[in-house]
>>> print(open('work05.cif').read())   # mmCIF, C-alpha atoms
data_structure
#
loop_
_atom_site.label_atom_id
_atom_site.label_comp_id
_atom_site.auth_asym_id
_atom_site.auth_seq_id
_atom_site.Cartn_x
_atom_site.Cartn_y
_atom_site.Cartn_z
CA MET C 114 152.51 59.38 56.79
CA SER C 115 155.65 58.30 54.96
CA ARG C 116 159.06 58.38 56.60
CA ALA C 117 161.60 60.86 55.33
CA PRO C 118 164.30 59.17 53.26
CA SER C 119 167.53 58.60 55.19
CA ARG C 120 169.74 58.65 52.12
CA MET C 121 169.91 60.91 49.10
CA PRO C 122 170.36 59.83 45.49
CA LEU C 123 173.97 60.04 44.33
CA VAL C 124 173.64 62.06 41.13
CA PRO C 125 171.78 65.07 42.56
CA ALA C 126 174.14 65.02 45.52
CA LEU C 127 177.08 65.34 43.14
CA GLN C 128 175.33 67.97 41.07
CA VAL C 129 175.37 70.26 44.08
CA LEU C 130 179.17 70.07 44.05
CA ILE C 131 179.39 70.42 40.29
CA VAL C 132 177.44 73.66 40.42
CA LEU C 133 179.56 75.02 43.27
CA ARG C 134 183.04 73.75 42.33
CA GLU C 135 184.07 76.99 40.53
CA GLU C 136 187.82 76.71 39.80
CA ARG C 137 188.55 74.11 42.44
CA ILE C 138 190.81 71.16 41.65
CA VAL C 139 188.56 68.10 41.89
CA VAL C 140 189.62 64.52 42.67
CA THR C 141 186.95 61.83 42.47
CA THR C 142 187.09 58.10 43.03
CA MET C 143 184.76 55.09 42.92
CA GLY C 144 181.06 56.02 42.58
CA ALA C 145 181.84 59.70 42.17
CA ALA C 146 184.36 58.90 39.43
CA ARG C 147 181.69 56.86 37.66
CA GLU C 148 179.06 59.62 37.63
CA TRP C 149 180.90 62.97 37.67
CA PRO C 150 182.48 62.77 34.19
CA LYS C 151 179.04 61.98 32.72
CA LEU C 152 177.66 65.14 34.29
CA ALA C 153 180.42 67.68 33.70
CA GLN C 154 183.97 68.06 32.44
CA HIS C 155 186.60 70.50 33.59
CA ALA C 156 190.34 70.65 32.94
CA LEU C 157 191.00 70.60 36.70
CA ASP C 158 189.11 67.33 37.23
CA PHE C 159 191.06 64.18 38.01
CA HIS C 160 188.96 61.05 38.10
CA TYR C 161 191.23 58.68 40.02
CA VAL C 162 190.62 55.43 38.12
CA PRO C 163 192.49 53.13 38.39
CA SER C 164 193.37 54.08 41.93
CA ALA C 165 195.04 52.64 44.97
CA MET C 166 191.88 52.31 47.03
CA GLY C 167 191.92 54.58 50.05
CA GLU C 168 194.52 56.97 48.67
CA ALA C 169 192.33 59.67 47.08
CA PRO C 170 192.51 61.95 50.15
CA ALA C 171 196.30 61.61 50.17
CA LEU C 172 196.60 62.38 46.48
CA GLY C 173 194.33 65.37 46.98
CA LEU C 174 196.47 66.52 49.88
CA GLY C 175 199.54 66.44 47.67
CA LEU C 176 197.73 68.59 45.13
CA ALA C 177 196.62 71.00 47.84
CA LEU C 178 200.17 71.32 49.17
CA SER C 179 201.47 71.97 45.69
CA LYS C 180 198.84 74.63 44.98
CA PRO C 181 198.19 76.33 48.32
CA GLN C 182 196.35 79.21 46.69
CA ARG C 183 193.81 76.90 45.06
CA GLU C 184 190.98 74.97 46.71
CA VAL C 185 190.98 71.18 46.29
CA LEU C 186 187.77 69.14 46.47
CA ILE C 187 188.11 65.40 47.05
CA VAL C 188 185.08 63.15 46.63
CA ASN C 189 185.80 59.82 48.28
CA GLY C 190 183.78 56.72 49.11
CA ASP C 191 183.17 55.44 52.61
CA GLY C 192 184.92 52.14 51.84
CA GLY C 193 188.01 54.03 50.72
CA MET C 194 187.81 56.33 53.71
CA LEU C 195 187.72 53.35 56.07
CA MET C 196 190.84 51.99 54.42
CA ASN C 197 192.81 55.09 55.28
CA LEU C 198 191.41 56.79 58.34
CA GLY C 199 194.89 57.99 59.21
CA SER C 200 194.70 60.35 56.24
CA LEU C 201 192.28 62.47 58.28
CA VAL C 202 195.08 63.11 60.76
CA THR C 203 197.64 63.58 58.01
CA ILE C 204 195.52 66.26 56.32
CA VAL C 205 195.09 68.23 59.53
CA ALA C 206 198.73 67.79 60.54
CA SER C 207 199.86 69.15 57.18
CA GLY C 208 198.37 72.52 58.04
CA CYS C 209 196.62 72.55 54.68
CA ARG C 210 193.47 74.66 54.77
CA ASN C 211 192.53 74.54 51.09
CA ILE C 212 190.89 71.11 51.22
CA THR C 213 187.32 69.89 51.25
CA LEU C 214 186.93 66.13 51.72
CA VAL C 215 183.49 64.79 50.85
CA VAL C 216 182.69 61.17 51.71
CA LEU C 217 179.80 59.45 49.97
CA GLU C 218 178.52 57.09 52.60
CA ASN C 219 176.49 54.17 51.29
CA GLY C 220 177.69 51.39 53.57
CA ILE C 221 178.83 49.06 50.81
CA PHE C 222 181.72 48.33 48.51
CA GLU C 223 179.87 49.08 45.29
CA VAL C 224 182.74 48.26 42.99
CA THR C 225 183.02 44.66 44.17
CA GLY C 226 179.31 43.93 44.06
CA GLY C 227 177.76 45.56 47.08
CA GLN C 228 179.28 43.82 50.07
CA GLN C 229 178.79 45.64 53.36
CA THR C 230 181.67 47.63 54.78
CA ALA C 231 182.84 46.79 58.27
CA ALA C 232 181.28 50.08 59.38
CA ALA C 233 177.91 49.04 58.02
CA ARG C 234 178.13 45.78 59.96
CA ALA C 235 179.16 47.69 63.04
CA GLN C 236 176.14 50.01 62.77
CA ALA C 237 173.99 47.26 64.23
CA ARG C 238 175.98 47.44 67.46
CA ALA C 239 177.21 51.01 67.68
CA GLN C 240 177.14 54.05 65.47
CA VAL C 241 180.19 54.45 63.26
CA ASP C 242 180.56 58.18 62.89
CA LEU C 243 182.97 59.25 60.17
CA ALA C 244 182.13 62.90 60.80
CA GLY C 245 182.97 62.39 64.46
CA MET C 246 186.29 60.86 63.45
CA ALA C 247 187.07 63.87 61.26
CA ARG C 248 186.13 66.18 64.11
CA GLY C 249 188.39 64.21 66.43
CA ALA C 250 191.23 64.46 63.92
CA GLY C 251 190.92 68.23 64.03
CA PHE C 252 189.04 69.19 60.87
CA ALA C 253 187.96 72.81 61.18
CA ASN C 254 184.49 72.31 59.78
CA VAL C 255 182.59 69.02 59.76
CA HIS C 256 179.10 68.38 58.46
CA ALA C 257 176.92 65.33 57.85
CA PHE C 258 173.87 65.22 55.61
CA GLN C 259 171.25 62.58 55.05
CA ARG C 260 168.70 64.69 53.20
CA LEU C 261 169.28 66.15 49.76
CA ASP C 262 167.28 69.30 50.41
CA ALA C 263 169.41 70.17 53.43
CA TRP C 264 172.61 69.51 51.48
CA GLN C 265 171.39 71.66 48.59
CA ARG C 266 170.48 74.44 50.99
CA GLU C 267 173.69 74.52 53.02
CA ALA C 268 176.46 73.42 50.65
CA ALA C 269 177.46 76.83 49.33
CA ALA C 270 177.92 78.30 52.79
CA ILE C 271 179.90 75.27 53.97
CA LEU C 272 182.33 75.56 51.09
CA GLU C 273 183.04 79.13 52.18
CA GLN C 274 183.91 78.09 55.74
CA PRO C 275 187.56 77.81 56.80
CA GLY C 276 189.23 74.55 55.84
CA PRO C 277 189.98 71.81 56.05
CA ARG C 278 186.34 70.81 55.62
CA PHE C 279 184.84 67.36 55.95
CA ILE C 280 181.38 66.45 54.70
CA THR C 281 179.60 63.11 54.74
CA LEU C 282 176.66 62.57 52.43
CA ALA C 283 174.49 59.53 53.09
CA VAL C 284 173.76 58.32 49.57
CA GLU C 285 171.70 55.50 48.14
CA PRO C 286 173.82 52.55 47.08
CA VAL C 287 174.11 51.60 43.44
CA VAL C 288 174.84 47.99 42.61
CA ASP C 289 175.56 46.06 39.45
CA TRP C 290 177.85 48.51 37.69
CA GLN C 291 181.36 48.64 36.31
CA LEU C 292 183.92 51.29 37.14
CA ASN C 293 185.56 52.15 33.86
CA ALA C 294 188.24 54.76 33.46
CA PRO C 295 186.92 57.78 31.55
CA GLY C 296 189.68 57.54 28.96
CA PRO C 297 193.34 56.54 28.87
CA MET C 298 195.24 57.59 31.99
CA SER C 299 198.16 59.03 30.03
CA GLU C 300 195.91 61.40 28.08
CA ARG C 301 193.89 62.40 31.13
CA LEU C 302 196.99 63.04 33.18
CA ALA C 303 198.60 65.12 30.45
CA ARG C 304 195.52 67.36 30.30
CA PHE C 305 195.32 67.57 34.08
CA LYS C 306 199.00 68.43 34.49
CA ALA C 307 198.75 71.10 31.82
CA ALA C 308 195.76 72.64 33.59
CA LEU C 309 197.56 72.51 36.94
CA ALA C 310 200.63 74.18 35.45
CA ALA C 311 198.45 77.12 34.47
CA VAL C 312 197.10 77.54 38.01
CA MET U 251 225.65 54.70 61.01
CA ASP U 252 224.95 58.31 61.93
CA TYR U 253 224.31 60.58 58.98
CA PRO U 254 224.41 64.28 59.90
CA GLY U 255 220.89 65.54 59.25
CA GLU U 256 222.10 68.85 57.83
CA GLN U 257 224.21 67.02 55.25
CA VAL U 258 221.29 64.82 54.28
CA ALA U 259 219.02 67.84 53.91
CA GLU U 260 221.62 69.66 51.82
CA SER U 261 222.08 66.56 49.66
CA LEU U 262 218.36 66.41 48.97
CA VAL U 263 218.15 70.11 48.18
CA ARG U 264 221.06 69.73 45.77
CA ALA U 265 219.09 66.95 44.09
CA GLY U 266 216.20 69.35 43.58
CA ILE U 267 213.87 67.87 46.19
CA THR U 268 211.17 70.22 47.46
CA HIS U 269 209.18 67.99 49.84
CA VAL U 270 210.07 65.02 52.02
CA VAL U 271 207.00 62.87 52.66
CA TRP U 272 207.95 60.54 55.44
CA LEU U 273 207.32 58.00 58.09
CA PRO U 274 210.76 57.54 59.59
CA ASP U 275 212.42 54.68 61.42
CA SER U 276 215.01 55.03 64.15
CA ALA U 277 217.86 55.60 61.69
CA LEU U 278 216.09 58.21 59.53
CA GLY U 279 214.28 59.86 62.42
CA PRO U 280 217.22 61.93 63.71
CA TRP U 281 217.13 63.91 60.45
CA GLU U 282 213.80 65.45 61.45
CA THR U 283 215.24 68.59 63.02
CA ALA U 284 217.38 69.33 59.98
CA PHE U 285 214.43 68.85 57.64
CA ASP U 286 212.26 71.09 59.78
CA ARG U 287 214.96 73.78 59.83
CA SER U 288 215.60 73.66 56.10
CA SER U 289 214.12 76.61 54.28
CA SER U 290 214.22 74.65 51.04
CA LEU U 291 212.46 71.46 52.15
CA ASP U 292 208.90 70.95 53.34
CA LEU U 293 208.39 67.96 55.61
CA VAL U 294 205.06 66.12 55.32
CA ARG U 295 204.33 63.57 58.05
CA VAL U 296 202.05 60.63 57.26
CA CYS U 297 200.32 57.99 59.37
CA ARG U 298 200.93 55.05 57.04
CA GLU U 299 203.39 54.59 54.20
CA GLY U 300 200.83 54.18 51.41
CA GLU U 301 199.78 57.75 52.00
CA ALA U 302 203.32 58.89 51.33
CA TRP U 303 203.28 57.64 47.74
CA ALA U 304 199.87 59.19 47.03
CA ILE U 305 200.79 62.54 48.58
CA ALA U 306 204.01 62.53 46.58
CA ALA U 307 201.94 61.80 43.47
CA GLY U 308 199.76 64.84 44.09
CA LEU U 309 202.79 67.01 44.71
CA CYS U 310 204.42 65.74 41.54
CA LEU U 311 201.29 66.41 39.46
CA GLY U 312 201.28 69.92 40.92
CA GLY U 313 204.82 70.56 39.72
CA LYS U 314 206.82 69.86 42.88
CA SER U 315 209.70 67.41 43.35
CA PRO U 316 208.80 65.23 46.33
CA LEU U 317 210.74 62.41 47.92
CA VAL U 318 209.20 59.51 49.84
CA MET U 319 211.26 58.55 52.88
CA ILE U 320 210.29 55.34 54.69
CA GLN U 321 211.75 52.11 56.06
CA ASN U 322 211.84 48.92 54.02
CA THR U 323 208.99 47.55 56.14
CA GLY U 324 206.98 50.56 54.96
CA LEU U 325 207.90 49.70 51.40
CA PHE U 326 206.27 46.32 51.91
CA GLU U 327 203.24 47.92 53.53
CA SER U 328 202.72 50.42 50.75
CA GLY U 329 203.02 48.17 47.72
CA ASP U 330 199.64 48.94 46.16
CA ALA U 331 200.04 52.68 46.51
CA LEU U 332 203.50 52.42 44.95
CA ARG U 333 202.18 50.23 42.14
CA ASN U 334 199.42 52.68 41.34
CA VAL U 335 201.44 55.88 41.23
CA LEU U 336 204.53 54.46 39.53
CA PHE U 337 202.86 52.17 37.03
CA ASP U 338 199.23 53.31 36.50
CA LEU U 339 199.96 57.03 36.78
CA ARG U 340 203.56 56.61 35.53
CA LEU U 341 204.91 59.26 37.85
CA PRO U 342 208.70 59.44 38.29
CA LEU U 343 208.68 59.43 42.07
CA LEU U 344 211.82 59.13 44.16
CA ALA U 345 212.38 57.45 47.49
CA VAL U 346 214.98 57.03 50.20
CA ILE U 347 214.35 53.78 52.03
CA GLY U 348 215.94 52.66 55.27
CA TYR U 349 217.38 49.17 54.76
CA ARG U 350 216.78 47.58 58.14
CA SER U 351 219.28 44.93 59.21
CA TYR U 352 221.55 45.32 56.19
CA LEU U 353 224.52 46.00 58.46
CA VAL U 354 223.76 43.12 60.82
CA PRO U 355 226.05 40.19 60.04
CA ASP U 356 224.17 36.96 59.32
CA SER U 357 220.85 38.71 59.85
CA THR U 358 217.78 36.53 59.56
CA ASP U 359 215.47 39.55 59.43
CA SER U 360 212.96 38.87 56.66
CA ALA U 361 212.78 42.62 56.04
CA ARG U 362 216.38 42.44 54.89
CA ARG U 363 215.84 39.30 52.84
CA PHE U 364 213.00 40.68 50.74
CA THR U 365 214.03 44.31 50.20
CA GLU U 366 216.18 44.06 47.09
CA PRO U 367 214.17 41.26 45.43
CA ILE U 368 211.06 43.38 45.76
CA LEU U 369 212.71 46.49 44.33
CA ALA U 370 213.99 44.33 41.49
CA ALA U 371 210.51 42.89 40.96
CA TRP U 372 209.10 46.40 40.64
CA GLY U 373 211.88 47.16 38.17
CA LEU U 374 213.07 50.12 40.20
CA ASP U 375 216.46 51.69 39.66
CA TYR U 376 218.08 51.64 43.09
CA ILE U 377 221.44 52.16 44.71
CA LEU U 378 222.73 51.38 48.19
CA ILE U 379 224.69 53.73 50.40
CA GLN U 380 226.43 52.44 53.51
CA HIS U 381 228.26 55.45 54.89
CA PRO U 382 227.72 59.23 55.20
CA ASP U 383 230.64 59.74 52.81
CA GLU U 384 228.38 58.28 50.13
CA LEU U 385 225.77 61.06 50.33
CA PRO U 386 227.06 62.56 47.06
CA LYS U 387 226.22 59.22 45.47
CA MET U 388 222.66 59.61 46.74
CA THR U 389 222.41 63.11 45.30
CA ALA U 390 223.78 61.95 41.97
CA HIS U 391 221.33 59.06 41.73
CA LEU U 392 218.32 61.20 42.58
CA GLN U 393 219.44 63.85 40.08
CA ALA U 394 219.99 61.25 37.38
CA CYS U 395 216.54 59.74 37.91
CA ARG U 396 214.94 63.18 37.86
CA GLN U 397 216.70 64.04 34.63
CA ALA U 398 215.66 60.72 33.10
CA ASN U 399 212.10 61.31 34.34
CA LYS U 400 211.96 57.89 35.96
CA PRO U 401 211.42 56.54 39.47
CA GLY U 402 214.43 55.87 41.63
CA VAL U 403 215.31 54.58 45.06
CA VAL U 404 218.24 55.06 47.42
CA LEU U 405 218.63 52.39 50.06
CA VAL U 406 220.30 53.54 53.25
CA ALA U 407 222.02 50.67 55.04
CA GLU U 408 220.93 50.34 58.67
CA GLY U 409 221.62 48.10 61.60
CA ARG U 410 218.93 46.69 63.81
CA MET U 411 215.43 48.15 63.93
#
>>> encode(input="work05.cif", output="structure tokens")
Amino acid sequence: MSRAPSRMPLVPALQVLIVLREERIVVTTMGAAREWPKLAQHALDFHYVPSAMGEAPALGLGLALSKPQREVLIVNGDGGMLMNLGSLVTIVASGCRNITLVVLENGIFEVTGGQQTAAARAQARAQVDLAGMARGAGFANVHAFQRLDAWQREAAAILEQPGPRFITLAVEPVVDWQLNAPGPMSERLARFKAALAAV
Amino acid sequence: MDYPGEQVAESLVRAGITHVVWLPDSALGPWETAFDRSSSLDLVRVCREGEAWAIAAGLCLGGKSPLVMIQNTGLFESGDALRNVLFDLRLPLLAVIGYRSYLVPDSTDSARRFTEPILAAWGLDYILIQHPDELPKMTAHLQACRQANKPGVVLVAEGRM
């Protein structure tokens, strides 16, 4: 009997969000920013490349505060999340409820060649639980998925729960790739700002 | 130097600021009550200064007029976030930065030594205010930077940390 996979492939995991995003403002970074624009385009997408690593949740929070009537979906990496764990507290403290923060957890820094994160190293000694950290910071709804079928089954209902929401998806790592910006920043930002102005 | 919080808040509102994104020091901190009471300013508290620049970036993209308010030590801490939003994203963000040790004669505080060289290295348009009477100067600088659609910084002279 084969063991059930403990991680899901990245692209189908993102496709769940793409199908469900509706008119949400979407901020992606790292692996999500590499794949999402190949799968779908929307005027309210901002693929945060180049970024200040770790700052995608903060940038998404600023968007959410500026557009309180509109849901904001942030798709972050676990390396970036580890760089800015305080942003979990900042999001909750802001009182913002229109945020969903998804963390793609693969245990490595893909963009620099696949080195293990400190959390991945720590796993050998004690479980590093990003979902537990989000729960401890006060996120209203926290979920962790390792299996794609469970994520596909439950995602729609989770996105309807009260925010702020935090979701970790254990995804298979991808190595040997380049993170290229999907077009000039000035042009992408102009389109994004115009779309935001219409919200 | 004690700046009345209400006057600071009014000065920021006059400059068109909608949000103060901050991690205060002991000189800026007493303004908290006035910011909280202001019906025209929203106060956003962060855990680390880099967040402040990124939150301000999101607010700016969404059509608001945020201001980052941190100490000069936080400026040093948040260099990459600042670099990204001001130079990659080219957002005209504004900041008020507490200038630790500026008022201490013969200070050897390295935070004082590096503040202005670093702002100059970033190419940021900054002014220094040393007294509450100079708050109109702060308002004017922030307004001028907003109208020119460029980043700008106001340094607030402080004593010891």
>>> interface_residues(input="work05.cif", of="chain U", to="chain C", cutoff="9 Å", atoms="only C-alpha atoms", output="PyMOL selection string")
chain U and resi 293-298+300-314+330-335+338-340
>>> residues_around(input="work05.cif", residues="C:Ala145", least_positions_apart="6", cutoff="12 Å", atoms="only C-alpha atoms", output="ChimeraX atom specification")
/C:122-128,130-131,139,151-153,158-162,169,186-191,193,215-219,223-224,282,284,286-287,292-295
>>> resolve_selection(input="work05.cif", expression="the PyMOL selection byres ((chain U and resi 351) around 10)", output="list in words")
Asn322, Gly348, Tyr349, Arg350, Tyr352, Leu353, Val354, Pro355, Asp356, Ser357, Thr358, Asp359, Ser360, Ala361, Arg362, Arg363, Ala407, Glu408, Gly409, Arg410 and Met411 of chain U
>>> closest_residue(input="work05.cif", among="U:Ile320, U:Phe326, U:Asp252, U:Pro382", to="U:Pro274", atoms="all atoms listed in the file")
U:Ile320
>>> residues_around(input="work05.cif", residues="U:Leu369", least_positions_apart="5", cutoff="10 Å", atoms="all atoms listed in the file", output="PDB file with C-alpha atoms, in the frame of the given file")
ATOM      1  CA  LEU U 325     207.900  49.700  51.400  1.00  0.00           C
ATOM      2  CA  PHE U 326     206.270  46.320  51.910  1.00  0.00           C
ATOM      3  CA  PHE U 364     213.000  40.680  50.740  1.00  0.00           C
ATOM      4  CA  LEU U 374     213.070  50.120  40.200  1.00  0.00           C
ATOM      5  CA  ASP U 375     216.460  51.690  39.660  1.00  0.00           C
ATOM      6  CA  TYR U 376     218.080  51.640  43.090  1.00  0.00           C
ATOM      7  CA  GLY U 402     214.430  55.870  41.630  1.00  0.00           C
ATOM      8  CA  VAL U 403     215.310  54.580  45.060  1.00  0.00           C
TER       9      VAL U 403
END
>>> resolve_selection(input="work05.cif", expression="the PyMOL selection byres ((chain U and resi 392) around 8)", output="VMD selection string")
chain U and resid 265 344 388 to 391 393 to 396 402 to 404
>>> atom_distance(input="work05.cif", atom1="atom CA of U:Leu343", atom2="atom CA of C:Cys209")
21.8 Å
>>> resolve_selection(input="work05.cif", expression="the PyMOL selection byres ((chain U and resi 290) around 8)", output="JSON, numbers by chain")
{"U": [263, 268, 288, 289, 291, 292]}
>>> closest_residue(input="work05.cif", among="U:Pro254, U:Gly266, U:Gly324, U:Gly329", to="U:Thr283", atoms="only C-alpha atoms")
U:Pro254
>>> atom_distance(input="work05.cif", atom1="atom CA of C:Ile280", atom2="atom CA of C:Asn254")
8.4 Å
>>> atom_distance(input="work05.cif", atom1="atom CA of U:Ile368", atom2="atom CA of U:Leu317")
19.2 Å
>>> closest_residue(input="work05.cif", among="C:Ile212, C:Met143, C:Val205, C:Leu133", to="C:Ala270", atoms="all atoms listed in the file")
C:Leu133
>>> residues_around(input="work05.cif", residues="C:Arg248", least_positions_apart="4", cutoff="12 Å", atoms="all atoms listed in the file", output="NGL selection string")
:C and (201-202 or 205 or 242-244 or 252-257 or 277-281)
>>> write_last_selection(input="work05.cif", atoms="C-alpha atoms", output="short mmCIF file (atom, residue, chain, number, x, y, z; two decimals), in the frame of the given file")
data_model
loop_
_atom_site.label_atom_id
_atom_site.label_comp_id
_atom_site.auth_asym_id
_atom_site.auth_seq_id
_atom_site.Cartn_x
_atom_site.Cartn_y
_atom_site.Cartn_z
CA LEU C 201 192.28 62.47 58.28
CA VAL C 202 195.08 63.11 60.76
CA VAL C 205 195.09 68.23 59.53
CA ASP C 242 180.56 58.18 62.89
CA LEU C 243 182.97 59.25 60.17
CA ALA C 244 182.13 62.90 60.80
CA PHE C 252 189.04 69.19 60.87
CA ALA C 253 187.96 72.81 61.18
CA ASN C 254 184.49 72.31 59.78
CA VAL C 255 182.59 69.02 59.76
CA HIS C 256 179.10 68.38 58.46
CA ALA C 257 176.92 65.33 57.85
CA PRO C 277 189.98 71.81 56.05
CA ARG C 278 186.34 70.81 55.62
CA PHE C 279 184.84 67.36 55.95
CA ILE C 280 181.38 66.45 54.70
CA THR C 281 179.60 63.11 54.74
#
>>> decode(input="work05.cif", residues="stretch 318-330 of chain U", atoms="N, CA, C and O atoms", output="CSV table (one decimal), in the first residue's frame")
chain,number,residue,atom,x,y,z
U,318,VAL,N,4.9,57.2,6.9
U,318,VAL,CA,5.6,56.3,7.8
U,318,VAL,C,6.2,57.1,8.9
U,318,VAL,O,6.9,58.2,8.7
U,319,MET,N,6.1,56.7,10.1
U,319,MET,CA,6.7,57.4,11.3
U,319,MET,C,7.5,56.4,12.1
U,319,MET,O,6.9,55.5,12.8
U,320,ILE,N,8.8,56.6,12.1
U,320,ILE,CA,9.7,55.7,12.8
U,320,ILE,C,10.9,56.5,13.4
U,320,ILE,O,11.1,57.7,13.0
U,321,GLN,N,11.7,55.8,14.1
U,321,GLN,CA,13.0,56.4,14.5
U,321,GLN,C,14.1,56.2,13.5
U,321,GLN,O,13.9,55.3,12.7
U,322,ASN,N,15.2,56.9,13.6
U,322,ASN,CA,16.2,56.7,12.6
U,322,ASN,C,16.8,55.3,12.7
U,322,ASN,O,17.2,54.7,11.7
U,323,THR,N,16.8,54.7,13.9
U,323,THR,CA,17.3,53.3,14.0
U,323,THR,C,16.3,52.4,13.1
U,323,THR,O,16.8,51.4,12.5
U,324,GLY,N,15.1,52.7,13.1
U,324,GLY,CA,14.1,51.9,12.3
U,324,GLY,C,14.3,52.2,10.8
U,324,GLY,O,14.1,51.3,10.0
U,325,LEU,N,14.8,53.4,10.5
U,325,LEU,CA,15.2,53.6,9.1
U,325,LEU,C,16.3,52.7,8.7
U,325,LEU,O,16.3,52.1,7.6
U,326,PHE,N,17.3,52.5,9.5
U,326,PHE,CA,18.4,51.6,9.2
U,326,PHE,C,17.8,50.2,9.0
U,326,PHE,O,18.2,49.4,8.1
U,327,GLU,N,17.0,49.8,10.0
U,327,GLU,CA,16.4,48.4,10.0
U,327,GLU,C,15.6,48.1,8.7
U,327,GLU,O,15.7,47.0,8.2
U,328,SER,N,15.0,49.1,8.2
U,328,SER,CA,14.0,48.9,7.1
U,328,SER,C,14.5,49.2,5.7
U,328,SER,O,13.7,49.4,4.8
U,329,GLY,N,15.8,49.3,5.6
U,329,GLY,CA,16.4,49.7,4.3
U,329,GLY,C,15.9,49.0,3.1
U,329,GLY,O,15.6,49.6,2.0
U,330,ASP,N,15.8,47.7,3.1
U,330,ASP,CA,15.3,46.9,1.9
U,330,ASP,C,13.9,47.2,1.6
U,330,ASP,O,13.5,47.3,0.4
